[in-house]
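Next comes work22.txt, a file with compact mmCIF, C-alpha atoms.
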# COMPACT_ATOMS: atom_id res chain seq x y z
CA MET A 1 2.57 40.93 -16.54
CA LYS A 2 0.03 38.48 -17.91
CA LYS A 3 2.74 36.44 -19.65
CA LYS A 4 4.82 36.37 -16.49
CA PHE A 5 1.84 35.18 -14.47
CA GLU A 6 1.04 32.52 -17.06
CA LEU A 7 4.67 31.34 -17.03
CA THR A 8 4.53 31.04 -13.24
CA LEU A 9 1.34 29.03 -13.53
CA ARG A 10 2.86 26.73 -16.12
CA THR A 11 5.97 26.18 -14.00
CA THR A 12 3.87 25.44 -10.93
CA PHE A 13 1.73 23.13 -13.02
CA ALA A 14 4.77 21.23 -14.30
CA VAL A 15 6.42 20.90 -10.87
CA THR A 16 3.17 19.73 -9.26
CA ASN A 17 2.77 17.08 -11.94
CA ILE A 18 6.30 15.85 -11.27
CA ILE A 19 5.50 15.59 -7.55
CA LEU A 20 2.30 13.76 -8.48
CA ALA A 21 4.25 11.29 -10.63
CA VAL A 22 6.69 10.59 -7.77
CA LEU A 23 3.86 9.98 -5.29
CA VAL A 24 2.09 7.76 -7.81
CA ILE A 25 5.22 5.63 -8.26
CA LEU A 26 5.47 5.29 -4.48
CA MET A 27 1.81 4.29 -4.25
CA ILE A 28 2.20 1.71 -7.03
CA SER A 29 5.29 0.30 -5.31
CA LEU A 30 3.48 -0.11 -1.99
CA ALA A 31 0.42 -1.64 -3.65
CA SER A 32 2.58 -4.04 -5.67
CA PHE A 33 4.48 -5.05 -2.54
CA LEU A 34 1.21 -5.71 -0.73
CA ILE A 35 -0.09 -7.86 -3.59
CA ALA A 36 3.17 -9.81 -3.77
CA ASP A 37 3.34 -10.18 0.00
CA SER A 38 -0.28 -11.26 0.35
CA SER A 39 0.91 -14.86 0.06
CA ILE A 40 1.82 -14.68 3.75
CA PHE A 41 -1.89 -14.57 4.51
CA ILE A 42 -2.63 -17.78 2.60
CA PRO A 43 -2.19 -20.00 5.69
CA ILE A 44 -4.74 -17.95 7.65
CA LEU A 45 -7.25 -16.78 5.01
CA ASN A 46 -9.27 -18.51 2.32
CA SER A 47 -8.84 -17.62 -1.36
CA GLU A 48 -11.93 -15.39 -1.35
CA SER A 49 -10.57 -13.35 1.56
CA ILE A 50 -7.17 -13.06 -0.13
CA ILE A 51 -8.82 -11.61 -3.25
CA GLY A 52 -10.83 -9.22 -1.10
CA TYR A 53 -7.72 -8.22 0.81
CA ASN A 54 -5.98 -7.39 -2.48
CA ILE A 55 -8.85 -5.43 -4.04
CA SER A 56 -7.73 -2.03 -2.79
CA ALA A 57 -4.11 -2.71 -3.73
CA ILE A 58 -5.13 -3.76 -7.25
CA LEU A 59 -7.30 -0.65 -7.60
CA PHE A 60 -4.41 1.51 -6.39
CA VAL A 61 -2.14 0.00 -9.04
CA ILE A 62 -4.75 0.71 -11.73
CA CYS A 63 -5.27 4.27 -10.47
CA GLY A 64 -1.51 4.72 -10.22
CA VAL A 65 -0.84 3.68 -13.80
CA MET A 66 -3.65 5.92 -15.05
CA LEU A 67 -2.43 8.84 -12.94
CA PHE A 68 1.11 8.40 -14.20
CA LEU A 69 -0.18 8.71 -17.75
CA VAL A 70 -2.26 11.72 -16.73
CA SER A 71 0.73 13.42 -15.12
CA THR A 72 2.70 12.80 -18.32
CA ILE A 73 -0.06 14.55 -20.28
CA GLY A 74 0.08 17.33 -17.70
CA LEU A 75 3.80 17.82 -18.23
CA PHE A 76 3.22 17.87 -21.98
CA SER A 77 0.45 20.42 -21.48
CA SER A 78 2.74 22.71 -19.52
CA ILE A 79 4.90 23.12 -22.61
CA LYS A 80 3.59 25.56 -25.18
CA SER A 81 2.60 23.62 -28.27
CA ARG A 82 0.02 23.59 -31.03
CA TYR A 83 -1.91 20.93 -29.10
CA PHE A 84 -1.70 22.77 -25.81
CA ILE A 85 -5.40 23.44 -25.21
CA ILE A 86 -6.51 20.02 -26.47
CA SER A 87 -4.02 18.18 -24.27
CA LEU A 88 -4.94 20.35 -21.29
CA ILE A 89 -8.65 19.62 -21.72
CA VAL A 90 -7.94 15.88 -22.04
CA TYR A 91 -5.76 16.14 -18.94
CA THR A 92 -8.49 17.88 -16.95
CA VAL A 93 -11.15 15.32 -17.87
CA ALA A 94 -8.80 12.40 -17.17
CA LEU A 95 -7.85 13.95 -13.84
CA VAL A 96 -11.48 14.06 -12.77
CA VAL A 97 -12.19 10.47 -13.86
CA VAL A 98 -9.12 9.00 -12.13
CA GLY A 99 -9.70 11.23 -9.12
CA LEU A 100 -13.20 9.83 -8.64
CA LEU A 101 -11.89 6.26 -8.92
CA LEU A 102 -9.14 6.98 -6.43
CA PHE A 103 -11.58 8.73 -4.11
CA SER A 104 -13.77 5.61 -4.04
CA THR A 105 -10.74 3.36 -3.47
CA VAL A 106 -9.45 5.11 -0.35
CA PRO A 107 -12.39 4.04 1.88
CA ILE A 108 -12.06 0.46 0.60
CA THR A 109 -8.45 0.20 1.74
CA PHE A 110 -9.31 1.41 5.24
CA VAL A 111 -12.26 -1.00 5.42
CA TYR A 112 -10.04 -3.99 4.63
CA TYR A 113 -7.35 -2.69 6.96
CA SER A 114 -9.93 -2.52 9.75
CA LYS A 115 -11.30 -5.99 8.94
CA MET A 116 -7.85 -7.55 8.96
CA ASN A 117 -6.95 -5.78 12.20
CA HIS A 118 -10.11 -7.16 13.77
CA TYR A 119 -9.27 -10.66 12.57
CA LEU A 120 -5.69 -10.45 13.84
CA ALA A 121 -6.81 -9.14 17.23
CA ASN A 122 -9.67 -11.58 17.79
CA GLU A 123 -9.72 -14.68 15.56
CA PHE A 124 -6.06 -15.20 14.70
CA PRO A 125 -4.86 -15.92 18.27
CA VAL A 126 -7.74 -18.39 18.73
CA ASN A 127 -7.16 -20.20 15.42
CA PHE A 128 -3.47 -20.60 16.19
CA ASN A 129 -3.83 -21.27 19.89
CA ILE A 130 -0.63 -23.20 20.46
CA SER A 131 -1.36 -24.05 24.07
CA GLY A 132 -4.89 -25.23 23.27
CA PRO A 133 -5.84 -28.87 22.73
CA SER A 134 -6.43 -28.59 18.98
CA PRO A 135 -5.55 -25.37 17.13
CA ILE A 136 -7.61 -24.86 13.97
CA MET A 137 -4.58 -24.10 11.81
CA ASP A 138 -0.98 -25.27 11.73
CA ILE A 139 1.31 -22.45 12.74
CA GLY A 140 4.44 -24.22 11.55
CA ALA A 141 4.02 -23.20 7.90
CA LEU A 142 3.19 -19.66 8.95
CA GLN A 143 6.31 -19.36 11.09
CA SER A 144 8.52 -20.54 8.25
CA GLU A 145 6.82 -18.23 5.75
CA LEU A 146 6.90 -15.11 7.92
CA SER A 147 10.18 -15.75 9.74
CA CYS A 148 8.37 -15.44 13.05
CA CYS A 149 7.90 -17.49 16.19
CA GLY A 150 4.61 -18.04 17.98
CA VAL A 151 1.47 -15.96 17.86
CA ASN A 152 2.75 -13.56 20.51
CA GLY A 153 6.40 -14.61 20.44
CA HIS A 154 8.60 -17.52 21.46
CA MET A 155 7.08 -17.29 24.96
CA ASP A 156 4.14 -19.24 23.56
CA TYR A 157 6.37 -22.31 23.75
CA ASP A 158 7.09 -23.29 27.32
CA THR A 159 9.24 -26.37 26.97
CA SER A 160 10.58 -26.57 23.43
CA ILE A 161 10.78 -24.24 20.43
CA PRO A 162 9.75 -25.93 17.14
CA THR A 163 12.14 -26.16 14.21
CA SER A 164 9.90 -23.85 12.15
CA CYS A 165 10.97 -21.04 14.50
CA GLY A 166 14.64 -21.64 13.79
CA CYS A 167 16.60 -18.99 11.92
CA VAL A 168 17.72 -20.51 8.64
CA LYS A 169 19.97 -17.51 8.00
CA GLN A 170 21.78 -15.02 10.16
CA LYS A 171 19.22 -12.27 10.56
CA PRO A 172 19.23 -9.26 12.88
CA LYS A 173 15.88 -10.26 14.37
CA CYS A 174 17.07 -13.60 15.71
CA SER A 175 17.79 -14.52 19.31
CA ASN A 176 19.73 -17.28 21.02
CA SER A 177 17.59 -20.00 22.53
CA THR A 178 17.82 -21.09 26.16
CA ILE A 179 15.31 -23.94 25.89
CA PRO A 180 15.31 -27.11 23.75
CA GLY A 181 14.93 -26.56 20.02
CA PRO A 182 16.85 -24.51 17.44
CA SER A 183 19.90 -22.69 18.77
CA ARG A 184 18.56 -19.44 17.30
CA TYR A 185 14.92 -18.47 16.78
CA TYR A 186 13.01 -15.61 15.17
CA SER A 187 12.46 -12.76 17.61
CA ASP A 188 9.33 -11.37 15.95
CA SER A 189 5.93 -12.80 16.76
CA CYS A 190 3.73 -13.84 13.84
CA LEU A 191 1.10 -11.36 14.99
CA GLU A 192 3.61 -8.50 14.71
CA ARG A 193 4.68 -9.56 11.22
CA LEU A 194 1.09 -9.75 9.98
CA GLN A 195 0.23 -6.39 11.53
CA GLU A 196 3.26 -4.79 9.86
CA THR A 197 2.14 -6.02 6.46
CA ASN A 198 -1.43 -4.92 7.07
CA GLN A 199 -0.16 -1.44 8.02
CA ILE A 200 0.75 -0.88 4.37
CA HIS A 201 -2.95 -0.27 3.73
CA VAL A 202 -2.74 2.83 5.92
CA TRP A 203 0.32 4.14 4.09
CA MET A 204 -1.40 3.61 0.74
CA GLY A 205 -4.51 5.39 1.96
CA CYS A 206 -2.51 8.36 3.26
CA ILE A 207 -0.52 8.70 0.04
CA ALA A 208 -3.74 8.46 -1.96
CA ALA A 209 -5.25 11.24 0.17
CA VAL A 210 -2.25 13.48 -0.57
CA ILE A 211 -2.54 12.63 -4.27
CA LEU A 212 -6.22 13.58 -4.20
CA CYS A 213 -5.32 16.98 -2.73
CA LEU A 214 -2.73 17.44 -5.48
CA GLU A 215 -5.30 16.45 -8.08
CA ILE A 216 -7.71 19.11 -6.84
CA SER A 217 -4.93 21.71 -7.01
CA LEU A 218 -3.95 20.61 -10.50
CA PHE A 219 -7.55 20.63 -11.63
CA LEU A 220 -7.97 24.23 -10.48
CA LEU A 221 -4.64 25.24 -12.03
CA ALA A 222 -5.65 23.63 -15.32
CA LEU A 223 -8.92 25.55 -15.34
CA VAL A 224 -7.07 28.82 -14.70
CA VAL A 225 -4.60 28.13 -17.51
CA ILE A 226 -7.42 27.22 -19.91
CA TYR A 227 -9.29 30.39 -18.93
CA LEU A 228 -6.23 32.59 -19.49
CA ASN A 229 -5.67 31.09 -22.93
CA TYR A 230 -9.27 31.61 -23.98
CA LYS A 231 -9.56 35.06 -22.45

Kindly return the structure encoded in the file as structure tokens.
Amino acid sequence: MKKKFELTLRTTFAVTNIILAVLVILMISLASFLIADSSIFIPILNSESIIGYNISAILFVICGVMLFLVSTIGLFSSIKSRYFIISLIVYTVALVVVGLLLFSTVPITFVYYSKMNHYLANEFPVNFNISGPSPIMDIGALQSELSCCGVNGHMDYDTSIPTSCGCVKQKPKCSNSTIPGPSRYYSDSCLERLQETNQIHVWMGCIAAVILCLEISLFLLALVVIYLNYK
């Protein structure tokens, strides 16, 4: 009965580590995409803000790589071997260390998500005020970079749509123009595109929260397995 229970624990332990590895890969992918895509914020943020915006993503990548290694150790630990207890103890300690780092990273990602949302809602429309006498920043480069048109859409342009709004390729989110300018323009507003990218912070935070729950479960399972082997 004891052996059967231990086998069930080991199987559960192995499967949970596989799930953890899959979630970690997903988290790393999202974080890497956010880092790579952060260039779209260059026209609207200074270099210091860009680094700050990427901090949580960089930390998630670091945590992800460490967790992937930890989950590999966990899978190794689930297989009966001469180094079983040693690897399981190392796994448990590593799980706690990475878990604490990940736990501290989750609030950071939501803080930067909130800050960027505040900027996009309040400062961004003012800085790129197309209809104003002198917008602080040139929206042309942003429109070309993001494949978007206007802060709130092409409606920002009353008389003529600029060439930077023109679709250079046939894309599904392009519309035919009825006013002077390119024959086809990007349907998405620049505000929408920036908000979509910023939303990745939320997805990363949610995945990290699920991973933390899995880590707690794995930590408890590891303690039970260690206890059964020492009993």

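Minimum atom-to-atom distance to A:Leu34, evaluated using all atoms listed in the file, belongs to A:Glu196 out of A:Glu196, A:Asp188, A:Glu123, A:Asp156.
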
For this session: Might you pull out every residue within 10 Å of A:Val168, with all atoms listed in the file counted and same-chain residues fewer than 5 positions away left off, and present them as a list in words?
Result: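 Counting only the stated atoms, we get Ser144, Ser147, Thr163, Cys174, Pro182, Arg184, Tyr185 and Tyr186 of chain A.
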
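Interatomic distance, atom CA of A:Thr8 against atom CA of A:Val90: 21.5 Å.
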
For this session: Quick one: pull the distance between atom CA of A:Tyr91 and atom CA of A:Thr105, Å, one decimal.
Result: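 Taking atom CA of A:Tyr91 as the start and atom CA of A:Thr105 as the end point, the length is 20.7 Å.
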
Exercise. What gap, in Å, lies between atom CA of A:Cys149 and atom CA of A:Ser183?
Worked result: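 Computed distance, atom CA of A:Cys149 to atom CA of A:Ser183, equals 13.3 Å.
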
For this session: Within 10 Å of stretch 19-29 of chain A, counting only C-alpha atoms, which residues show up once you throw out same-chain ones fewer than 4 positions away? Write them as a PyMOL selection string, please.
Result: chain A and resi 14-15+33-35+57-72+203-208+210-212+214-215+218

Exercise. Of the residues A:Cys167, A:Val96, A:Val111, A:Leu191, which is the one nearest to A:Asn54, using only C-alpha atoms?
Worked result: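 Under the stated criterion, the closest residue is A:Val111.
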
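Of the residues listed (A:Val126, A:Leu95, A:Leu102, A:Ile86), A:Leu95 shows the shortest atom-to-atom separation from A:Ser217; distances use only C-alpha atoms.
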
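Those residues that approach A:Leu88 to within 8 Å, counting only C-alpha atoms, are Ile73, Gly74, Ser77, Phe84, Ile85, Tyr91, Thr92, Ala222 and Ile226 of chain A; same-chain residues fewer than 3 positions away are not listed.
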
Hey, could you patch up stretch 90-101 of chain A with N, CA and C atoms and hand it over as a short mmCIF file (atom, residue, chain, number, x, y, z; two decimals), keeping the file's coordinate frame?
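The result, written out as result.cif:
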data_model
loop_
_atom_site.label_atom_id
_atom_site.label_comp_id
_atom_site.auth_asym_id
_atom_site.auth_seq_id
_atom_site.Cartn_x
_atom_site.Cartn_y
_atom_site.Cartn_z
N VAL A 90 -7.99 17.34 -22.25
CA VAL A 90 -7.94 15.88 -22.04
C VAL A 90 -7.40 15.58 -20.65
N TYR A 91 -6.37 16.31 -20.27
CA TYR A 91 -5.76 16.14 -18.94
C TYR A 91 -6.77 16.41 -17.83
N THR A 92 -7.52 17.49 -17.98
CA THR A 92 -8.49 17.88 -16.95
C THR A 92 -9.59 16.83 -16.79
N VAL A 93 -10.10 16.35 -17.91
CA VAL A 93 -11.15 15.32 -17.87
C VAL A 93 -10.61 14.03 -17.25
N ALA A 94 -9.42 13.62 -17.69
CA ALA A 94 -8.80 12.40 -17.17
C ALA A 94 -8.53 12.52 -15.68
N LEU A 95 -8.14 13.71 -15.26
CA LEU A 95 -7.85 13.95 -13.84
C LEU A 95 -9.10 13.75 -12.99
N VAL A 96 -10.22 14.21 -13.50
CA VAL A 96 -11.48 14.06 -12.77
C VAL A 96 -11.89 12.59 -12.69
N VAL A 97 -11.78 11.88 -13.81
CA VAL A 97 -12.19 10.47 -13.86
C VAL A 97 -11.34 9.63 -12.90
N VAL A 98 -10.02 9.78 -12.99
CA VAL A 98 -9.12 9.00 -12.13
C VAL A 98 -9.28 9.44 -10.67
N GLY A 99 -9.51 10.72 -10.48
CA GLY A 99 -9.70 11.23 -9.12
C GLY A 99 -10.91 10.61 -8.45
N LEU A 100 -11.99 10.45 -9.19
CA LEU A 100 -13.20 9.83 -8.64
C LEU A 100 -12.96 8.36 -8.31
N LEU A 101 -12.22 7.67 -9.18
CA LEU A 101 -11.89 6.26 -8.92
C LEU A 101 -11.01 6.13 -7.68
#
